[in-house]
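For reference, model.cif is printed below; it contains mmCIF, C-alpha atoms, pLDDT in the B column; chains and numbers go by the auth columns.
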```
data_final
loop_
_atom_site.group_PDB
_atom_site.id
_atom_site.type_symbol
_atom_site.label_atom_id
_atom_site.label_comp_id
_atom_site.label_asym_id
_atom_site.label_seq_id
_atom_site.Cartn_x
_atom_site.Cartn_y
_atom_site.Cartn_z
_atom_site.B_iso_or_equiv
_atom_site.auth_seq_id
_atom_site.auth_asym_id
ATOM 1 C CA MET A 1 -9.915 18.037 12.225 53.00 13 A
ATOM 2 C CA ILE A 2 -6.132 17.780 11.998 63.00 14 A
ATOM 3 C CA THR A 3 -4.920 16.036 8.888 67.00 15 A
ATOM 4 C CA LYS A 4 -1.609 14.382 8.176 63.00 16 A
ATOM 5 C CA HIS A 5 -0.731 17.249 5.849 54.00 17 A
ATOM 6 C CA LYS A 6 -1.256 19.859 8.571 55.00 18 A
ATOM 7 C CA ILE A 7 0.886 17.902 11.022 59.00 19 A
ATOM 8 C CA LEU A 8 3.590 17.456 8.399 50.00 20 A
ATOM 9 C CA GLY A 9 3.408 21.175 7.554 49.00 21 A
ATOM 10 C CA LEU A 10 3.696 22.173 11.229 50.00 22 A
ATOM 11 C CA GLY A 11 6.643 19.803 11.656 50.00 23 A
ATOM 12 C CA LEU A 12 8.423 21.302 8.651 46.00 24 A
ATOM 13 C CA LEU A 13 7.699 24.817 9.903 47.00 25 A
ATOM 14 C CA LEU A 14 9.143 23.940 13.324 50.00 26 A
ATOM 15 C CA LEU A 15 12.226 22.367 11.718 50.00 27 A
ATOM 16 C CA ALA A 16 12.759 25.431 9.508 47.00 28 A
ATOM 17 C CA SER A 17 12.423 27.792 12.480 47.00 29 A
ATOM 18 C CA CYS A 18 14.993 25.778 14.467 47.00 30 A
ATOM 19 C CA THR A 19 17.362 25.952 11.510 44.00 31 A
ATOM 20 C CA GLN A 20 16.867 29.719 11.335 43.00 32 A
ATOM 21 C CA LEU A 21 17.470 30.038 15.100 43.00 33 A
ATOM 22 C CA ASN A 22 20.899 28.475 14.643 41.00 34 A
ATOM 23 C CA HIS A 23 21.960 31.604 12.742 43.00 35 A
ATOM 24 C CA LEU A 24 20.831 34.143 15.357 50.00 36 A
ATOM 25 C CA ASP A 25 23.208 35.845 17.782 54.00 37 A
ATOM 26 C CA ILE A 26 21.074 35.910 20.891 82.00 38 A
ATOM 27 C CA PHE A 27 23.671 36.776 23.529 90.00 39 A
ATOM 28 C CA SER A 28 26.931 38.682 23.281 93.00 40 A
ATOM 29 C CA LEU A 29 29.692 39.873 25.577 94.00 41 A
ATOM 30 C CA LYS A 30 32.057 42.571 24.419 96.00 42 A
ATOM 31 C CA GLN A 31 35.785 42.163 24.940 96.00 43 A
ATOM 32 C CA GLN A 32 35.974 45.025 27.472 97.00 44 A
ATOM 33 C CA GLU A 33 33.123 43.592 29.573 96.00 45 A
ATOM 34 C CA LEU A 34 34.650 40.116 29.604 96.00 46 A
ATOM 35 C CA GLN A 35 38.046 41.601 30.517 96.00 47 A
ATOM 36 C CA ARG A 36 36.496 43.532 33.413 96.00 48 A
ATOM 37 C CA LEU A 37 34.655 40.428 34.691 94.00 49 A
ATOM 38 C CA LEU A 38 37.757 38.244 34.488 94.00 50 A
ATOM 39 C CA LEU A 39 39.978 40.863 36.144 94.00 51 A
ATOM 40 C CA ASN A 40 37.503 41.241 39.033 92.00 52 A
ATOM 41 C CA GLN A 41 37.343 37.481 39.424 89.00 53 A
ATOM 42 C CA LEU A 42 41.127 37.029 39.405 89.00 54 A
ATOM 43 C CA GLU A 43 41.703 39.962 41.777 86.00 55 A
ATOM 44 C CA GLN A 44 39.422 38.293 44.322 84.00 56 A
ATOM 45 C CA GLN A 45 41.378 35.046 44.103 79.00 57 A
ATOM 46 C CA GLN A 46 44.888 34.865 45.451 72.00 58 A
ATOM 47 C CA GLY A 47 46.647 32.084 43.609 78.00 59 A
ATOM 48 C CA LYS A 48 48.610 29.818 45.898 81.00 60 A
ATOM 49 C CA GLY A 49 51.024 27.121 44.916 79.00 61 A
ATOM 50 C CA LYS A 50 54.589 25.934 45.363 78.00 62 A
ATOM 51 C CA MET A 51 57.783 26.645 43.480 74.00 63 A
ATOM 52 C CA LEU A 52 60.785 24.459 44.242 73.00 64 A
ATOM 53 C CA GLY A 53 58.953 23.355 47.398 79.00 65 A
ATOM 54 C CA LEU A 54 58.492 26.911 48.704 79.00 66 A
ATOM 55 C CA PRO A 55 55.065 28.556 49.118 84.00 67 A
ATOM 56 C CA LEU A 56 54.161 30.859 46.222 85.00 68 A
ATOM 57 C CA THR A 57 51.452 33.534 46.155 87.00 69 A
ATOM 58 C CA LEU A 58 50.334 35.251 42.948 89.00 70 A
ATOM 59 C CA THR A 59 48.269 38.424 42.700 90.00 71 A
ATOM 60 C CA VAL A 60 46.943 39.864 39.454 92.00 72 A
ATOM 61 C CA GLN A 61 48.040 43.436 38.859 93.00 73 A
ATOM 62 C CA GLN A 62 46.968 43.938 35.257 94.00 74 A
ATOM 63 C CA LEU A 63 45.040 42.039 32.587 96.00 75 A
ATOM 64 C CA GLU A 64 44.578 42.602 28.878 97.00 76 A
ATOM 65 C CA LEU A 65 42.186 40.271 27.072 97.00 77 A
ATOM 66 C CA GLN A 66 41.766 39.842 23.321 97.00 78 A
ATOM 67 C CA LEU A 67 38.952 37.849 21.727 97.00 79 A
ATOM 68 C CA ALA A 68 39.543 36.023 18.437 95.00 80 A
ATOM 69 C CA PRO A 69 43.034 37.324 17.635 95.00 81 A
ATOM 70 C CA ASP A 70 43.738 36.752 13.933 94.00 82 A
ATOM 71 C CA ASN A 71 40.147 35.404 13.690 93.00 83 A
ATOM 72 C CA LYS A 72 41.075 32.310 15.735 95.00 84 A
ATOM 73 C CA GLN A 73 38.513 30.746 18.061 95.00 85 A
ATOM 74 C CA GLN A 74 40.629 31.495 21.121 96.00 86 A
ATOM 75 C CA VAL A 75 41.235 34.118 23.776 97.00 87 A
ATOM 76 C CA GLU A 76 44.605 35.702 24.480 97.00 88 A
ATOM 77 C CA LEU A 77 45.455 37.007 27.926 97.00 89 A
ATOM 78 C CA LYS A 78 48.341 39.296 28.835 97.00 90 A
ATOM 79 C CA LEU A 79 48.798 39.301 32.589 95.00 91 A
ATOM 80 C CA THR A 80 51.097 41.140 34.947 94.00 92 A
ATOM 81 C CA LEU A 81 51.310 39.263 38.222 91.00 93 A
ATOM 82 C CA GLY A 82 52.988 39.958 41.517 90.00 94 A
ATOM 83 C CA ALA A 83 54.754 36.807 42.693 86.00 95 A
ATOM 84 C CA GLU A 84 55.910 36.246 46.248 85.00 96 A
ATOM 85 C CA VAL A 85 57.984 33.196 47.148 81.00 97 A
ATOM 86 C CA ASP A 86 58.069 32.614 50.895 83.00 98 A
ATOM 87 C CA ALA A 87 61.778 31.837 51.327 77.00 99 A
ATOM 88 C CA LEU A 88 63.105 30.721 54.696 78.00 100 A
ATOM 89 C CA PHE A 89 64.057 34.092 56.156 80.00 101 A
ATOM 90 C CA LYS A 90 62.746 36.675 53.735 82.00 102 A
ATOM 91 C CA PRO A 91 59.950 36.665 51.150 82.00 103 A
ATOM 92 C CA LEU A 92 61.151 37.185 47.588 81.00 104 A
ATOM 93 C CA HIS A 93 59.025 39.513 45.439 85.00 105 A
ATOM 94 C CA THR A 94 59.061 39.776 41.671 85.00 106 A
ATOM 95 C CA ASP A 95 56.829 40.663 38.760 89.00 107 A
ATOM 96 C CA LEU A 96 55.760 38.066 36.249 90.00 108 A
ATOM 97 C CA LYS A 97 54.423 38.830 32.792 92.00 109 A
ATOM 98 C CA LEU A 98 52.490 36.065 31.065 93.00 110 A
ATOM 99 C CA HIS A 99 51.037 35.962 27.566 95.00 111 A
ATOM 100 C CA LEU A 100 48.583 33.054 27.420 96.00 112 A
ATOM 101 C CA SER A 101 46.095 31.630 24.975 97.00 113 A
ATOM 102 C CA ALA A 102 42.969 29.760 26.040 96.00 114 A
ATOM 103 C CA LEU A 103 39.962 28.104 24.469 96.00 115 A
ATOM 104 C CA PRO A 104 36.558 29.386 25.563 96.00 116 A
ATOM 105 C CA TYR A 105 34.003 26.712 26.370 93.00 117 A
ATOM 106 C CA PHE A 106 30.273 26.915 27.136 94.00 118 A
ATOM 107 C CA ASP A 107 29.036 24.356 29.678 94.00 119 A
ATOM 108 C CA ASP A 108 25.336 23.676 28.943 90.00 120 A
ATOM 109 C CA GLU A 109 24.693 22.077 32.345 92.00 121 A
ATOM 110 C CA ARG A 110 26.118 24.993 34.325 93.00 122 A
ATOM 111 C CA ASN A 111 25.067 27.710 31.849 94.00 123 A
ATOM 112 C CA ALA A 112 28.573 29.112 32.157 95.00 124 A
ATOM 113 C CA ILE A 113 31.561 30.125 30.040 96.00 125 A
ATOM 114 C CA TYR A 114 34.974 28.778 31.025 96.00 126 A
ATOM 115 C CA LEU A 115 38.493 29.234 29.678 95.00 127 A
ATOM 116 C CA LYS A 116 40.265 25.910 29.132 95.00 128 A
ATOM 117 C CA ASN A 117 43.588 24.650 27.778 94.00 129 A
ATOM 118 C CA LEU A 118 45.805 27.549 28.811 94.00 130 A
ATOM 119 C CA THR A 119 49.028 27.704 26.812 94.00 131 A
ATOM 120 C CA ILE A 120 51.987 29.964 27.540 93.00 132 A
ATOM 121 C CA LEU A 121 52.870 32.033 24.463 94.00 133 A
ATOM 122 C CA ASP A 122 55.515 34.140 26.229 93.00 134 A
ATOM 123 C CA SER A 123 56.660 34.911 29.757 90.00 135 A
ATOM 124 C CA SER A 124 59.220 36.972 31.616 88.00 136 A
ATOM 125 C CA VAL A 125 60.186 37.413 35.247 85.00 137 A
ATOM 126 C CA GLY A 126 61.639 40.520 36.851 79.00 138 A
ATOM 127 C CA SER A 127 61.409 44.127 35.862 56.00 139 A
ATOM 128 C CA GLY A 128 63.413 46.651 33.905 41.00 140 A
ATOM 129 C CA SER A 129 66.764 45.523 32.525 37.00 141 A
ATOM 130 C CA SER A 130 66.866 42.474 34.812 38.00 142 A
ATOM 131 C CA GLN A 131 64.090 40.603 32.994 44.00 143 A
ATOM 132 C CA LEU A 132 64.888 36.958 32.539 44.00 144 A
ATOM 133 C CA LYS A 133 63.157 33.777 31.492 45.00 145 A
ATOM 134 C CA LEU A 134 62.239 31.539 34.396 54.00 146 A
ATOM 135 C CA ALA A 135 60.199 28.536 33.264 57.00 147 A
ATOM 136 C CA PRO A 136 59.380 27.080 36.721 75.00 148 A
ATOM 137 C CA LEU A 137 57.649 30.265 37.887 82.00 149 A
ATOM 138 C CA SER A 138 55.792 30.707 34.587 85.00 150 A
ATOM 139 C CA ASN A 139 54.634 27.092 34.560 86.00 151 A
ATOM 140 C CA GLU A 140 53.513 27.228 38.197 87.00 152 A
ATOM 141 C CA ALA A 141 51.612 30.462 37.511 89.00 153 A
ATOM 142 C CA LYS A 142 49.901 28.791 34.529 90.00 154 A
ATOM 143 C CA THR A 143 48.977 25.810 36.726 89.00 155 A
ATOM 144 C CA ILE A 144 47.506 28.086 39.414 89.00 156 A
ATOM 145 C CA LEU A 145 45.526 30.109 36.840 90.00 157 A
ATOM 146 C CA THR A 146 44.275 26.879 35.230 91.00 158 A
ATOM 147 C CA GLN A 147 42.996 25.668 38.610 90.00 159 A
ATOM 148 C CA VAL A 148 41.216 28.970 39.262 89.00 160 A
ATOM 149 C CA LEU A 149 39.657 29.110 35.784 90.00 161 A
ATOM 150 C CA ASN A 150 38.537 25.458 35.957 88.00 162 A
ATOM 151 C CA ARG A 151 36.683 26.210 39.214 89.00 163 A
ATOM 152 C CA GLN A 152 35.305 29.618 38.345 91.00 164 A
ATOM 153 C CA PRO A 153 33.462 30.436 35.138 94.00 165 A
ATOM 154 C CA VAL A 154 34.414 33.634 33.349 94.00 166 A
ATOM 155 C CA TYR A 155 30.690 34.320 32.960 95.00 167 A
ATOM 156 C CA LYS A 156 27.563 32.546 34.201 95.00 168 A
ATOM 157 C CA LEU A 157 24.140 33.155 32.721 94.00 169 A
ATOM 158 C CA ASP A 158 21.743 34.536 35.327 93.00 170 A
ATOM 159 C CA CYS A 159 18.633 32.392 34.965 92.00 171 A
ATOM 160 C CA ASN A 160 16.685 34.887 37.110 93.00 172 A
ATOM 161 C CA LYS A 161 17.230 37.742 34.636 90.00 173 A
ATOM 162 C CA VAL A 162 14.476 38.032 32.058 85.00 174 A
ATOM 163 C CA THR A 163 16.979 38.635 29.257 80.00 175 A
ATOM 164 C CA GLU A 164 19.005 35.500 30.066 88.00 176 A
ATOM 165 C CA LYS A 165 16.315 33.171 31.420 86.00 177 A
ATOM 166 C CA ILE A 166 15.281 31.989 27.962 85.00 178 A
ATOM 167 C CA LEU A 167 18.874 30.894 27.276 88.00 179 A
ATOM 168 C CA CYS A 168 19.107 28.665 30.350 89.00 180 A
ATOM 169 C CA GLY A 169 18.524 25.101 29.285 78.00 181 A
ATOM 170 C CA MET A 170 18.670 25.969 25.577 86.00 182 A
ATOM 171 C CA PRO A 171 21.406 24.220 23.603 90.00 183 A
ATOM 172 C CA LEU A 172 23.973 26.926 22.863 92.00 184 A
ATOM 173 C CA THR A 173 27.252 27.148 21.024 93.00 185 A
ATOM 174 C CA LEU A 174 29.970 29.688 21.678 95.00 186 A
ATOM 175 C CA VAL A 175 31.453 31.628 18.761 95.00 187 A
ATOM 176 C CA LEU A 176 34.190 34.248 18.876 96.00 188 A
ATOM 177 C CA GLN A 177 34.466 37.196 16.555 95.00 189 A
ATOM 178 C CA PRO A 178 37.107 39.910 16.940 95.00 190 A
ATOM 179 C CA GLY A 179 36.133 41.856 20.055 95.00 191 A
ATOM 180 C CA VAL A 180 32.946 39.923 20.863 96.00 192 A
ATOM 181 C CA LEU A 181 31.882 36.570 22.313 96.00 193 A
ATOM 182 C CA LEU A 182 28.568 35.232 21.020 96.00 194 A
ATOM 183 C CA LEU A 183 26.226 32.534 22.242 94.00 195 A
ATOM 184 C CA LYS A 184 23.994 31.102 19.531 92.00 196 A
ATOM 185 C CA PRO A 185 21.299 28.405 19.582 90.00 197 A
ATOM 186 C CA ASP A 186 22.667 25.020 18.557 86.00 198 A
ATOM 187 C CA TYR A 187 19.856 22.699 17.556 76.00 199 A
ATOM 188 C CA SER A 188 22.031 20.848 15.060 75.00 200 A
ATOM 189 C CA ALA A 189 23.736 18.891 17.861 54.00 201 A
ATOM 190 C CA ARG A 190 20.444 17.581 19.291 51.00 202 A
#
```

Please express the file's structure as structure tokens.
Amino acid sequence: MITKHKILGLGLLLLASCTQLNHLDIFSLKQQELQRLLLNQLEQQQGKGKMLGLPLTLTVQQLELQLAPDNKQQVELKLTLGAEVDALFKPLHTDLKLHLSALPYFDDERNAIYLKNLTILDSSVGSGSSQLKLAPLSNEAKTILTQVLNRQPVYKLDCNKVTEKILCGMPLTLVLQPGVLLLKPDYSAR
């Protein structure tokens, strides 16, 4: 026969185990792996937009990603992009270097990690001694990257994989530590 004390004890045990689960790191992505995934994703996408009314195409040539710089809960991206503006008679080519910061976000419904709120920390256009600041191109590149990253997650849990299936549907919170992205159970929000 189940008594009130046994039910209360089981409830307290369940509550204590949920509290303990909140402190476990149950999924992690290393900085290099996340950088590789993001680079592959961006290389497959050709960013298209307009600059001063002219068609603009961006291609990613290089990416350097840093997780939790200075122990901040953000991601920094250093990108080298090829930019082509389709002028009337001749396409104009240039290189664009962007240093961006972004906030990582875990979407519980999609079981996916996104980068949101991109901010330009530094940018330059051109190469060699002819580098100059060109805000319209940098801002348009940021807008194009924001659109791509809002559509495409940086990482999506694979609910068919045994190692990730248990995480799908579980309330999770995203935490950054230098060089690693962690997903942890988050039963405090429920």

Checklist entry - Hey, what's within 10 Å of Leu112 (chain A) if we count all atoms listed in the file and toss same-chain stuff fewer than 3 positions away? As number ranges by chain, please? => result A: 77, 87-91, 109, 129-135, 154

Next on the checklist: Going by the chain IDs and residue numbers used in this file, which residues fall under the PyMOL selection byres ((chain A and resi 168) around 8)? Write them as a ChimeraX atom specification.
Outcome noted: /A:122-125,165-167,169-170

Checklist entry - Which residue gives the smallest distance to Gly61 (chain A) among A:Val192, A:Leu115, A:Val97, A:Leu127, with only C-alpha atoms counted? => result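 When distances to Gly61 (chain A) are compared using only C-alpha atoms, the smallest one comes from A:Val97.
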
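Shortest separation to Thr155 (chain A) among A:Glu176, A:Pro197, A:Lys128, A:Leu104 occurs at residue A:Lys128, atoms counted being all atoms listed in the file.
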
Item to check | Selected residue, from A:Phe118, A:Lys102, A:Ser136, A:Leu157, that lies nearest to Val72 (chain A) when counting all atoms listed in the file | outcome: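 Counting all atoms listed in the file, the residue closest to Val72 (chain A) is A:Leu157.
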
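Note that CA of Leu70 (chain A) and CA of Ile156 (chain A) are 8.5 Å apart.
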
Checklist entry - Using only C-alpha atoms, which of the listed residues (A:Asn151, A:Gln164, A:Glu121, A:Glu76) sits closest to Met182 (chain A)? => result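 Under the stated criterion, the closest residue is A:Glu121.
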
Item to check | Non-local contacts of Gln74 (chain A) (8 Å; only C-alpha atoms; under 4 positions in same chain excluded) as a list in words | outcome: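 Residues near the query, excluding close chain neighbours: Leu51, Leu91, Thr92 and Leu93 of chain A.
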
Next on the checklist: Using all atoms listed in the file for the distances, tell me which of A:Asn162, A:Gln56, A:Ser40, A:Ser113 is nearest to Gln85 (chain A).
Outcome noted: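 That would be A:Ser113, the residue with the smallest distance to Gln85 (chain A).
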
Next on the checklist: Between A:Cys180, A:Leu108, A:Ala114, A:Leu54, which residue has the minimum interatomic distance to Lys84 (chain A), considering all atoms listed in the file?
Outcome noted: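 That would be A:Ala114, the residue with the smallest distance to Lys84 (chain A).
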
Checklist outcome for this item: Here CA of Leu100 (chain A) and CA of Ser150 (chain A) stand apart by 21.4 Å

Next on the checklist: I need every residue sitting at most 7 Å from the point (46.8, 34.5, 44.3) (coordinates as in the file, all atoms listed in the file considered), written as a list of chain:residue names.
Outcome noted: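 The distance filter leaves exactly A:Gln57, A:Gln58, A:Gly59, A:Lys60, A:Thr69, A:Leu70, A:Thr71.
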
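Here CA of Thr185 (chain A) is placed at a distance of 25.1 Å from CA of Asn52 (chain A).
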
With 4 Å on each side, where is the centre of the axis-aligned box around all listed atoms of region 130-134 of chain A, and how long are its edges in Å to one decimal, as lines of an AutoDock Vina configuration file?
```
center_x = 50.7
center_y = 30.8
center_z = 26.6
size_x = 17.7
size_y = 14.6
size_z = 12.3
```

Checklist entry - What residues have an atom no more than 8 Å from (38.1, 32.9, 19.5) in the file's own frame, counting all atoms listed in the file, and can you write them as a list of chain:residue names? => result A:Leu79, A:Ala80, A:Pro81, A:Asn83, A:Lys84, A:Gln85, A:Gln86, A:Val87, A:Leu115, A:Pro116, A:Val187, A:Leu188, A:Gln189, A:Pro190, A:Leu193

Just write the chosen residues, C-alpha atoms, as a short mmCIF file (atom, residue, chain, number, x, y, z; two decimals), keeping the file's coordinate frame.
```cif
data_model
loop_
_atom_site.label_atom_id
_atom_site.label_comp_id
_atom_site.auth_asym_id
_atom_site.auth_seq_id
_atom_site.Cartn_x
_atom_site.Cartn_y
_atom_site.Cartn_z
CA LEU A 79 38.95 37.85 21.73
CA ALA A 80 39.54 36.02 18.44
CA PRO A 81 43.03 37.32 17.64
CA ASN A 83 40.15 35.40 13.69
CA LYS A 84 41.08 32.31 15.74
CA GLN A 85 38.51 30.75 18.06
CA GLN A 86 40.63 31.50 21.12
CA VAL A 87 41.24 34.12 23.78
CA LEU A 115 39.96 28.10 24.47
CA PRO A 116 36.56 29.39 25.56
CA VAL A 187 31.45 31.63 18.76
CA LEU A 188 34.19 34.25 18.88
CA GLN A 189 34.47 37.20 16.56
CA PRO A 190 37.11 39.91 16.94
CA LEU A 193 31.88 36.57 22.31
#
```
